[in-house]
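Here's the structure, in structure tokens; my notes come after.
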Amino acid sequence: MSQATLHVLQTCPFSWKVRGLIDHLGLDVDEVQVNAMRTKRDLAFTNGWNKVPVFTDDGGEVIVDSTPIMIHIDKKYNNGTLSQNSGHERYDSMLAHVDEAWKRATIPILYGSLGAALSTTRRVSKMEKFGFISRRLYAWAGFPIMWGIIARKRVKKDGRTPKKLWHDLLTDYTSSFEGHTFFGGEKPNLVDFAAFGYMRSISPFKQFKLLEEHEQGMMWYKSMEQQLK
Ligand SMILES: N[C@@H](CCC(=O)N[C@@H](CS)C(=O)NCC(=O)O)C(=O)O
């Protein structure tokens with residue numbers, strides 16, 4: 001047995017997905033913060049995957065890709081309880097939807113306007129591990145790339161404001177609960193932890209207040225926070 005580790009970037013939504021699950025299960029996992037400009041070097045042991053999160057379990061097995069990591073953790077340390085509905089249409093289609101639509105919504109809310117992009121880039125440059133020069137470079141050069149090239153295009157293509165996009169996602173999600181507290185019922189399941197991870201990754205940024213205006217969404221979010229140890 002060796003120490004389990006999770007390689008992360010502080011602001012990466014996929015890392016937050018796995019983090020939430022680890023917190024919920026109270027697992028003893030060391031977090032390793034990767035240098036944002038040196039992912040290839042820091043993740044050389046992943047044989048070319050080179051993305052965070054990467055989970056190395058206490059048997060030394062290396063798992064990549066956030067949803068497969070969550071499934072692995074749930075199976076190995078939790079008897080597969082959170083993914084027991086896998087294979088059912090309602091569960092499978094919502095998990096696929098969350099991993100596609102919620103993932104795509106993170107960049108527009110963080111970088112979708114000039115002001116948002118500026119403040120997000122500054123904050124990211126403070127939160128992530130960078131070298132001395134690259135931290136300053138990122139703070140200034142990161143925002144025109146994220147805002148000017150990626151986010152603006154996405155917001156335009158979607159047609160909704162980033163806030164409306166998130167509110168629609170939260171309305172669709174919470175109205176699928178069939179009267180329960182979570183998508184998983186009276187207890188959250190793996191889909192809830194995936195969705196929670198995407199939303200929680202916005203929480204260090206000031207745009208999170210736009211999401212806080214969604215009442216049902218916040219009720220669910222707060223209930224999820226109570227699931228963490
Ligand atoms: N499908 C992957 C996506 C992971 C991903 O794109 N991670 C980003 C950070 S948020 C990354 O490591 N990018 C570094 C790179 O692509 O070089 C997952 O769910 O884990």
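Chain lettering (A, B, ...) mirrors the order of the structure tokens, residue numbering begins at 1 for each chain separately, and ligand numbering begins at 1 in order of display.
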Neighbour list for segment 144-152 of chain A as a PyMOL selection string, cut-off 9 Å, only C-alpha atoms, skip fewer than 2 positions in-chain: chain A and resi 107-114+116-118+121+140-142+154-157
Given 9 Å and only C-alpha atoms and all ligand atoms, residues near ligand 1 as a PyMOL selection string: chain A and resi 8-15+17-18+36-40+49-54+64-69+99+103
Could you write out that same residue set with N, CA, C and O atoms as a compact mmCIF listing (two decimals), in the first residue's frame?
```txt
# COMPACT_ATOMS: atom_id res chain seq x y z
N VAL A 8 -3.54 17.89 -9.37
CA VAL A 8 -4.59 18.87 -9.72
C VAL A 8 -4.01 20.19 -10.21
O VAL A 8 -2.85 20.50 -10.00
N LEU A 9 -4.89 20.95 -10.84
CA LEU A 9 -4.69 22.39 -10.97
C LEU A 9 -5.77 23.01 -10.10
O LEU A 9 -6.92 22.55 -10.11
N GLN A 10 -5.39 24.01 -9.36
CA GLN A 10 -6.29 24.64 -8.36
C GLN A 10 -7.61 25.10 -8.96
O GLN A 10 -8.64 25.06 -8.30
N THR A 11 -7.59 25.58 -10.20
CA THR A 11 -8.79 26.18 -10.78
C THR A 11 -9.44 25.30 -11.84
O THR A 11 -10.32 25.74 -12.56
N CYS A 12 -9.01 24.05 -11.93
CA CYS A 12 -9.52 23.16 -12.99
C CYS A 12 -10.84 22.52 -12.56
O CYS A 12 -10.90 21.83 -11.55
N PRO A 13 -11.92 22.72 -13.33
CA PRO A 13 -13.23 22.16 -12.95
C PRO A 13 -13.21 20.64 -12.80
O PRO A 13 -13.90 20.09 -11.93
N PHE A 14 -12.40 19.97 -13.62
CA PHE A 14 -12.37 18.50 -13.56
C PHE A 14 -11.70 18.03 -12.26
O PHE A 14 -12.06 17.01 -11.69
N SER A 15 -10.73 18.81 -11.80
CA SER A 15 -10.09 18.49 -10.52
C SER A 15 -11.09 18.66 -9.38
O SER A 15 -11.12 17.86 -8.44
N LYS A 17 -14.25 18.17 -9.49
CA LYS A 17 -15.20 17.05 -9.48
C LYS A 17 -14.68 15.93 -8.56
O LYS A 17 -15.40 15.39 -7.74
N VAL A 18 -13.40 15.59 -8.75
CA VAL A 18 -12.83 14.48 -8.00
C VAL A 18 -12.63 14.87 -6.53
O VAL A 18 -12.89 14.08 -5.62
N ALA A 36 1.17 25.05 -13.70
CA ALA A 36 0.26 25.25 -14.84
C ALA A 36 0.98 25.37 -16.17
O ALA A 36 0.41 25.09 -17.22
N MET A 37 2.22 25.79 -16.14
CA MET A 37 2.97 25.94 -17.40
C MET A 37 3.81 24.71 -17.71
O MET A 37 4.48 24.65 -18.72
N ARG A 38 3.79 23.74 -16.78
CA ARG A 38 4.66 22.57 -16.97
C ARG A 38 3.90 21.26 -16.81
O ARG A 38 4.42 20.31 -16.23
N THR A 39 2.64 21.24 -17.29
CA THR A 39 1.83 20.04 -17.07
C THR A 39 2.50 18.81 -17.68
O THR A 39 2.46 17.73 -17.11
N LYS A 40 3.12 19.00 -18.84
CA LYS A 40 3.73 17.87 -19.54
C LYS A 40 4.85 17.24 -18.71
O LYS A 40 4.94 16.03 -18.58
N TRP A 49 -1.01 11.43 -21.43
CA TRP A 49 -2.32 12.03 -21.13
C TRP A 49 -2.14 13.52 -20.83
O TRP A 49 -2.82 14.37 -21.40
N ASN A 50 -1.21 13.79 -19.90
CA ASN A 50 -0.79 15.18 -19.63
C ASN A 50 -1.87 16.16 -19.21
O ASN A 50 -1.77 17.36 -19.45
N LYS A 51 -2.96 15.65 -18.64
CA LYS A 51 -4.01 16.56 -18.15
C LYS A 51 -4.33 16.22 -16.72
O LYS A 51 -4.20 15.07 -16.31
N VAL A 52 -4.78 17.20 -15.99
CA VAL A 52 -5.26 16.95 -14.63
C VAL A 52 -6.78 16.83 -14.68
O VAL A 52 -7.41 17.40 -15.57
N PRO A 53 -7.40 16.16 -13.72
CA PRO A 53 -6.79 15.46 -12.60
C PRO A 53 -6.23 14.08 -13.00
O PRO A 53 -6.70 13.47 -13.96
N VAL A 54 -5.23 13.63 -12.19
CA VAL A 54 -4.73 12.26 -12.30
C VAL A 54 -4.77 11.67 -10.90
O VAL A 54 -4.27 12.29 -9.95
N VAL A 64 -6.75 8.18 -15.17
CA VAL A 64 -6.88 9.52 -15.74
C VAL A 64 -8.32 9.77 -16.14
O VAL A 64 -9.10 8.83 -16.27
N ASP A 65 -8.66 11.06 -16.32
CA ASP A 65 -9.97 11.50 -16.79
C ASP A 65 -10.97 11.52 -15.62
O ASP A 65 -11.21 10.49 -14.99
N SER A 66 -11.54 12.70 -15.36
CA SER A 66 -12.25 12.89 -14.09
C SER A 66 -13.42 11.92 -13.83
O SER A 66 -13.52 11.37 -12.73
N THR A 67 -14.28 11.72 -14.83
CA THR A 67 -15.41 10.81 -14.55
C THR A 67 -14.95 9.36 -14.32
O THR A 67 -15.35 8.75 -13.32
N PRO A 68 -14.10 8.80 -15.19
CA PRO A 68 -13.55 7.47 -14.87
C PRO A 68 -12.84 7.42 -13.50
O PRO A 68 -12.92 6.42 -12.80
N ILE A 69 -12.18 8.50 -13.10
CA ILE A 69 -11.53 8.53 -11.78
C ILE A 69 -12.60 8.42 -10.69
O ILE A 69 -12.46 7.64 -9.73
N ASP A 99 -21.51 16.26 -18.09
CA ASP A 99 -20.13 16.30 -18.56
C ASP A 99 -19.97 17.08 -19.86
O ASP A 99 -18.87 17.50 -20.20
N LYS A 103 -19.70 21.39 -18.42
CA LYS A 103 -18.29 21.63 -18.75
C LYS A 103 -18.17 22.86 -19.66
O LYS A 103 -17.37 23.75 -19.43
```
With a cut-off of 9 Å, could you pull out the residues of segment 70-160 of chain A touching segment 168-173 of chain A and give me the nearest pair of atoms for each, distance in Å to one decimal, using only C-alpha atoms, ordered by chain and ascending number, as CSV?
```
residue,atom,partner,partner_atom,distance
A:Met94,CA,A:Tyr173,CA,8.5
A:Val98,CA,A:Leu169,CA,8.8
A:Ala101,CA,A:Leu169,CA,7.9
A:Trp102,CA,A:Leu169,CA,7.3
A:Ala105,CA,A:Leu169,CA,8.9
```
Length of the atom CA of Glu89 of chain A to atom CA of Gly185 of chain A vector [Å]: 15.5 Å
Of the listed residues A:Tyr77, A:Phe196, A:Phe177, A:Tyr221, that which approaches Gly26 of chain A most closely, counting only C-alpha atoms: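 Ranking A:Tyr77, A:Phe196, A:Phe177, A:Tyr221 by distance to Gly26 of chain A, first place goes to A:Tyr77.
Distance check against Ser86 of chain A using only C-alpha atoms: of A:Leu210, A:Asn189, A:Trp220, A:Ser175, the minimum falls on A:Asn189.
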Nearest candidate to His7 of chain A (options A:Leu190, A:Val62, A:Leu165, A:Leu137; using only C-alpha atoms): A:Val62
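Of the residues in segment 13-209 of chain A, those that DSSP places in strand (DSSP E or B) on the basis of the backbone are Val29, Asp30, Glu31, Val32, Gln33, Asn35, Val54, Phe55, Thr56, Val62, Ile63, Val64, Lys129, Phe182 and Gly185 of chain A.
Shortest atom-to-atom contact with Thr181 of chain A among A:Ala194, A:Ala139, A:Leu21, A:Met224: A:Met224, counting only C-alpha atoms.
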Two-atom distance - atom CA of Phe55 of chain A, atom CA of Ser203 of chain A (Å):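 Distance reported for this atom pair: 22.9 Å.
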